[in-house]
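Here is the structure we will look at, set down as structure tokens.
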Amino acid sequence: MPELVFFSGTMDCGKSTLALQIEHNRSARGLQGMIFTRDDRAGEGKLSSRLGLVTDAVEATEDFDFYAHLVDRLSQGMRCDYVIADEAQFFNPAQIDQLARVVDDLELDVFAFGITTDFRSKLFPGSQRLVELADRVEVLQVEALCWCGARATHNARTVGGRMVVEGAQVVIGDVNVGDEVGYEVVCRRHHRRRMTAASARAAALSPDVLPVDGAQGGAVDVRVD
């Protein structure tokens, strides 16, 4: 039976790489699929991995109708054996319903890939709808790591190197970049404490102030480098 499968995880855990691997494996067996994405880091109409792999895709804008697009394609005699939808967190709930209809009515497997929560640790509407409708939700086993070495569970947004928790839900950026807006994966503890790798390094370089009793019995501040 065809399935709607949601592959989820934090940024930098290999979702797009897996999408490209599924495409490679199926096309190598003579199957033909459709690839959709939105706001990929490589630009419009691209599905890319941080490993440097990239392929063409259909850019699914806010008003794009997955079901109508595929019905039109099949009605013209073109072939489609499966669907890959990357950056699925950016799709609206109605579009996720369309993907579910593709599975149920057109009997095509749909593999959706996306992060579950935004930089505020709030669910993306598209991801929430996928969790509600998917036949299976698969959490990727390649664990992204926080700067402290713990398993990264949250996506942090940085502006000028400082973590922020307010602003528009969707602002395009990437991890480990020098742009004004960037992203970093962190563990829950350091997301709560608003601590990124940069702020942790800054804290480590700051001198500690320790109270030490002086010769006259008063407290003296001694800076330890």
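Each chain in the structure tokens gets a letter, A, B, ..., in the order shown, and its residues are numbered from 1; ligands are numbered from 1 in order too.
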
Residues near stretch 98-110 of chain A, anyone? I mean within 9 Å using only C-alpha atoms, not counting same-chain ones fewer than 4 positions away, as a PDB file with N, CA, C and O atoms, in the first residue's frame.
```
ATOM      1  N   MET A   1       0.838  -1.190   0.000  1.00  0.00           N
ATOM      2  CA  MET A   1       0.000   0.000   0.000  1.00  0.00           C
ATOM      3  C   MET A   1       0.882   1.252   0.000  1.00  0.00           C
ATOM      4  O   MET A   1       1.893   1.311   0.704  1.00  0.00           O
ATOM      5  N   PRO A   2       0.521   2.260  -0.785  1.00  0.00           N
ATOM      6  CA  PRO A   2       1.292   3.513  -0.771  1.00  0.00           C
ATOM      7  C   PRO A   2       1.181   4.201   0.583  1.00  0.00           C
ATOM      8  O   PRO A   2       0.191   4.024   1.307  1.00  0.00           O
ATOM      9  N   GLU A   3       2.196   4.981   0.926  1.00  0.00           N
ATOM     10  CA  GLU A   3       2.254   5.627   2.237  1.00  0.00           C
ATOM     11  C   GLU A   3       2.656   7.087   2.110  1.00  0.00           C
ATOM     12  O   GLU A   3       3.363   7.486   1.180  1.00  0.00           O
ATOM     13  N   LEU A   4       2.212   7.863   3.091  1.00  0.00           N
ATOM     14  CA  LEU A   4       2.731   9.209   3.329  1.00  0.00           C
ATOM     15  C   LEU A   4       3.687   9.090   4.500  1.00  0.00           C
ATOM     16  O   LEU A   4       3.275   8.794   5.627  1.00  0.00           O
ATOM     17  N   VAL A   5       4.973   9.284   4.238  1.00  0.00           N
ATOM     18  CA  VAL A   5       6.003   9.121   5.264  1.00  0.00           C
ATOM     19  C   VAL A   5       6.657  10.473   5.524  1.00  0.00           C
ATOM     20  O   VAL A   5       7.067  11.168   4.587  1.00  0.00           O
ATOM     21  N   PHE A   6       6.738  10.838   6.787  1.00  0.00           N
ATOM     22  CA  PHE A   6       7.370  12.095   7.189  1.00  0.00           C
ATOM     23  C   PHE A   6       8.695  11.796   7.867  1.00  0.00           C
ATOM     24  O   PHE A   6       8.741  11.197   8.938  1.00  0.00           O
ATOM     25  N   ASP A  65      -0.641  23.689  -5.921  1.00  0.00           N
ATOM     26  CA  ASP A  65      -1.543  22.567  -5.623  1.00  0.00           C
ATOM     27  C   ASP A  65      -0.876  21.271  -6.081  1.00  0.00           C
ATOM     28  O   ASP A  65      -0.796  20.990  -7.284  1.00  0.00           O
ATOM     29  N   PHE A  66      -0.381  20.485  -5.130  1.00  0.00           N
ATOM     30  CA  PHE A  66       0.318  19.243  -5.454  1.00  0.00           C
ATOM     31  C   PHE A  66      -0.600  18.264  -6.199  1.00  0.00           C
ATOM     32  O   PHE A  66      -0.193  17.660  -7.197  1.00  0.00           O
ATOM     33  N   TYR A  67      -1.812  18.106  -5.694  1.00  0.00           N
ATOM     34  CA  TYR A  67      -2.721  17.127  -6.278  1.00  0.00           C
ATOM     35  C   TYR A  67      -3.070  17.515  -7.718  1.00  0.00           C
ATOM     36  O   TYR A  67      -2.998  16.683  -8.627  1.00  0.00           O
ATOM     37  N   ALA A  68      -3.438  18.770  -7.949  1.00  0.00           N
ATOM     38  CA  ALA A  68      -3.797  19.218  -9.296  1.00  0.00           C
ATOM     39  C   ALA A  68      -2.612  19.085 -10.257  1.00  0.00           C
ATOM     40  O   ALA A  68      -2.778  18.704 -11.424  1.00  0.00           O
ATOM     41  N   LEU A  70      -0.118  16.943 -10.138  1.00  0.00           N
ATOM     42  CA  LEU A  70       0.144  15.542 -10.472  1.00  0.00           C
ATOM     43  C   LEU A  70      -0.966  14.950 -11.335  1.00  0.00           C
ATOM     44  O   LEU A  70      -0.703  14.154 -12.238  1.00  0.00           O
ATOM     45  N   VAL A  71      -2.213  15.337 -11.074  1.00  0.00           N
ATOM     46  CA  VAL A  71      -3.321  14.879 -11.921  1.00  0.00           C
ATOM     47  C   VAL A  71      -3.113  15.365 -13.348  1.00  0.00           C
ATOM     48  O   VAL A  71      -3.301  14.616 -14.323  1.00  0.00           O
ATOM     49  N   CYS A  80       4.614   9.094 -13.225  1.00  0.00           N
ATOM     50  CA  CYS A  80       5.073   9.450 -11.877  1.00  0.00           C
ATOM     51  C   CYS A  80       4.831   8.252 -10.971  1.00  0.00           C
ATOM     52  O   CYS A  80       3.696   7.779 -10.838  1.00  0.00           O
ATOM     53  N   ASP A  81       5.898   7.721 -10.391  1.00  0.00           N
ATOM     54  CA  ASP A  81       5.796   6.533  -9.538  1.00  0.00           C
ATOM     55  C   ASP A  81       5.867   6.855  -8.050  1.00  0.00           C
ATOM     56  O   ASP A  81       5.477   6.039  -7.226  1.00  0.00           O
ATOM     57  N   TYR A  82       6.383   8.029  -7.702  1.00  0.00           N
ATOM     58  CA  TYR A  82       6.518   8.415  -6.301  1.00  0.00           C
ATOM     59  C   TYR A  82       6.761   9.909  -6.229  1.00  0.00           C
ATOM     60  O   TYR A  82       7.054  10.556  -7.242  1.00  0.00           O
ATOM     61  N   VAL A  83       6.631  10.461  -5.034  1.00  0.00           N
ATOM     62  CA  VAL A  83       6.799  11.902  -4.827  1.00  0.00           C
ATOM     63  C   VAL A  83       7.766  12.129  -3.665  1.00  0.00           C
ATOM     64  O   VAL A  83       7.665  11.474  -2.621  1.00  0.00           O
ATOM     65  N   ILE A  84       8.696  13.055  -3.854  1.00  0.00           N
ATOM     66  CA  ILE A  84       9.590  13.500  -2.790  1.00  0.00           C
ATOM     67  C   ILE A  84       9.305  14.977  -2.536  1.00  0.00           C
ATOM     68  O   ILE A  84       9.301  15.783  -3.472  1.00  0.00           O
ATOM     69  N   ALA A  85       9.044  15.326  -1.293  1.00  0.00           N
ATOM     70  CA  ALA A  85       8.736  16.714  -0.920  1.00  0.00           C
ATOM     71  C   ALA A  85       9.703  17.143   0.178  1.00  0.00           C
ATOM     72  O   ALA A  85       9.571  16.716   1.327  1.00  0.00           O
ATOM     73  N   PRO A  93      -0.816  23.811   5.728  1.00  0.00           N
ATOM     74  CA  PRO A  93      -1.592  22.605   6.048  1.00  0.00           C
ATOM     75  C   PRO A  93      -2.440  22.097   4.891  1.00  0.00           C
ATOM     76  O   PRO A  93      -2.580  20.869   4.706  1.00  0.00           O
ATOM     77  N   ALA A  94      -3.015  22.992   4.079  1.00  0.00           N
ATOM     78  CA  ALA A  94      -3.825  22.559   2.933  1.00  0.00           C
ATOM     79  C   ALA A  94      -2.974  21.775   1.936  1.00  0.00           C
ATOM     80  O   ALA A  94      -3.450  20.800   1.323  1.00  0.00           O
ATOM     81  N   LEU A 130       1.614  17.191   9.041  1.00  0.00           N
ATOM     82  CA  LEU A 130       2.231  15.928   8.649  1.00  0.00           C
ATOM     83  C   LEU A 130       2.188  14.913   9.785  1.00  0.00           C
ATOM     84  O   LEU A 130       1.904  13.731   9.571  1.00  0.00           O
ATOM     85  N   LEU A 133      -1.288  13.502   9.882  1.00  0.00           N
ATOM     86  CA  LEU A 133      -1.790  12.716   8.756  1.00  0.00           C
ATOM     87  C   LEU A 133      -0.887  11.575   8.309  1.00  0.00           C
ATOM     88  O   LEU A 133      -1.365  10.633   7.656  1.00  0.00           O
ATOM     89  N   ALA A 134       0.389  11.637   8.605  1.00  0.00           N
ATOM     90  CA  ALA A 134       1.333  10.672   8.029  1.00  0.00           C
ATOM     91  C   ALA A 134       1.031   9.241   8.471  1.00  0.00           C
ATOM     92  O   ALA A 134       0.618   8.987   9.604  1.00  0.00           O
TER      93      ALA A 134
END
```

Which of stretch 66-217 of chain A DSSP labels strand (DSSP E), written as number ranges by chain:
A: 82-85, 109-114, 136-139, 154-159, 162-164, 181-186, 208-213

So that I can check the surroundings of A:Ala200, please list as a ChimeraX atom specification every protein, DNA and RNA residue that reaches within 12 Å of it, counting only C-alpha atoms and ignoring chain neighbours fewer than 6 positions away.
/A:146-148,161-163,186,190,193-194,206

Select from stretch 42-115 of chain A everything DSSP, run on the backbone, classes as alpha helix (DSSP H), then give the selection as a ChimeraX atom specification.
/A:66-75,93-106

Mind checking which residues fall within 8 Å of A:Ala152, counting only C-alpha atoms, ignoring those fewer than 2 positions away in the same chain, and posting them as a PyMOL selection string?
chain A and resi 10+143-146+150+154+185-188

A straight line from atom CA of A:Ala168 to atom CA of A:Gly14 spans 24.8 Å

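Nearest-residue note for A:Phe90: choosing from A:Ser27, A:Gln128, A:Ser49, A:Ser199, the minimum distance belongs to A:Gln128, counting only C-alpha atoms.
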
Would you kindly return, as a PyMOL selection string, each protein, DNA or RNA residue with an atom no farther than 9 Å from any atom of A:Phe64, considering only C-alpha atoms and excluding same-chain residues fewer than 5 positions away?
chain A and resi 59+69+95

Take the residues just selected and output them with all heavy atoms as a PDB file, in the first residue's frame.
```pdb
ATOM      1  N   GLU A  59       9.539  24.073  -7.633  1.00  0.00           N
ATOM      2  CA  GLU A  59       9.361  24.993  -6.503  1.00  0.00           C
ATOM      3  C   GLU A  59       7.881  25.079  -6.158  1.00  0.00           C
ATOM      4  O   GLU A  59       7.062  25.525  -6.974  1.00  0.00           O
ATOM      5  CB  GLU A  59       9.910  26.374  -6.859  1.00  0.00           C
ATOM      6  CG  GLU A  59       9.899  27.362  -5.713  1.00  0.00           C
ATOM      7  CD  GLU A  59      11.002  27.116  -4.703  1.00  0.00           C
ATOM      8  OE1 GLU A  59      11.913  26.295  -4.983  1.00  0.00           O
ATOM      9  OE2 GLU A  59      10.949  27.752  -3.624  1.00  0.00           O
ATOM     10  N   HIS A  69      -1.421  19.417  -9.774  1.00  0.00           N
ATOM     11  CA  HIS A  69      -0.224  19.323 -10.612  1.00  0.00           C
ATOM     12  C   HIS A  69       0.007  17.882 -11.056  1.00  0.00           C
ATOM     13  O   HIS A  69       0.296  17.630 -12.238  1.00  0.00           O
ATOM     14  CB  HIS A  69       0.992  19.833  -9.835  1.00  0.00           C
ATOM     15  CG  HIS A  69       2.266  19.814 -10.631  1.00  0.00           C
ATOM     16  ND1 HIS A  69       2.666  20.857 -11.438  1.00  0.00           N
ATOM     17  CD2 HIS A  69       3.233  18.855 -10.738  1.00  0.00           C
ATOM     18  CE1 HIS A  69       3.822  20.552 -12.010  1.00  0.00           C
ATOM     19  NE2 HIS A  69       4.184  19.346 -11.604  1.00  0.00           N
ATOM     20  N   GLN A  95      -1.714  22.178   1.768  1.00  0.00           N
ATOM     21  CA  GLN A  95      -0.832  21.462   0.852  1.00  0.00           C
ATOM     22  C   GLN A  95      -0.475  20.081   1.390  1.00  0.00           C
ATOM     23  O   GLN A  95      -0.307  19.132   0.622  1.00  0.00           O
ATOM     24  CB  GLN A  95       0.428  22.287   0.595  1.00  0.00           C
ATOM     25  CG  GLN A  95       0.160  23.527  -0.249  1.00  0.00           C
ATOM     26  CD  GLN A  95       1.373  24.412  -0.401  1.00  0.00           C
ATOM     27  OE1 GLN A  95       2.089  24.689   0.567  1.00  0.00           O
ATOM     28  NE2 GLN A  95       1.636  24.867  -1.615  1.00  0.00           N
TER      29      GLN A  95
END
```

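When only C-alpha atoms are used to measure the gap to A:Glu87, the shortest distance among A:Ile35, A:Val137, A:Val164, A:Ala28 belongs to A:Ile35.
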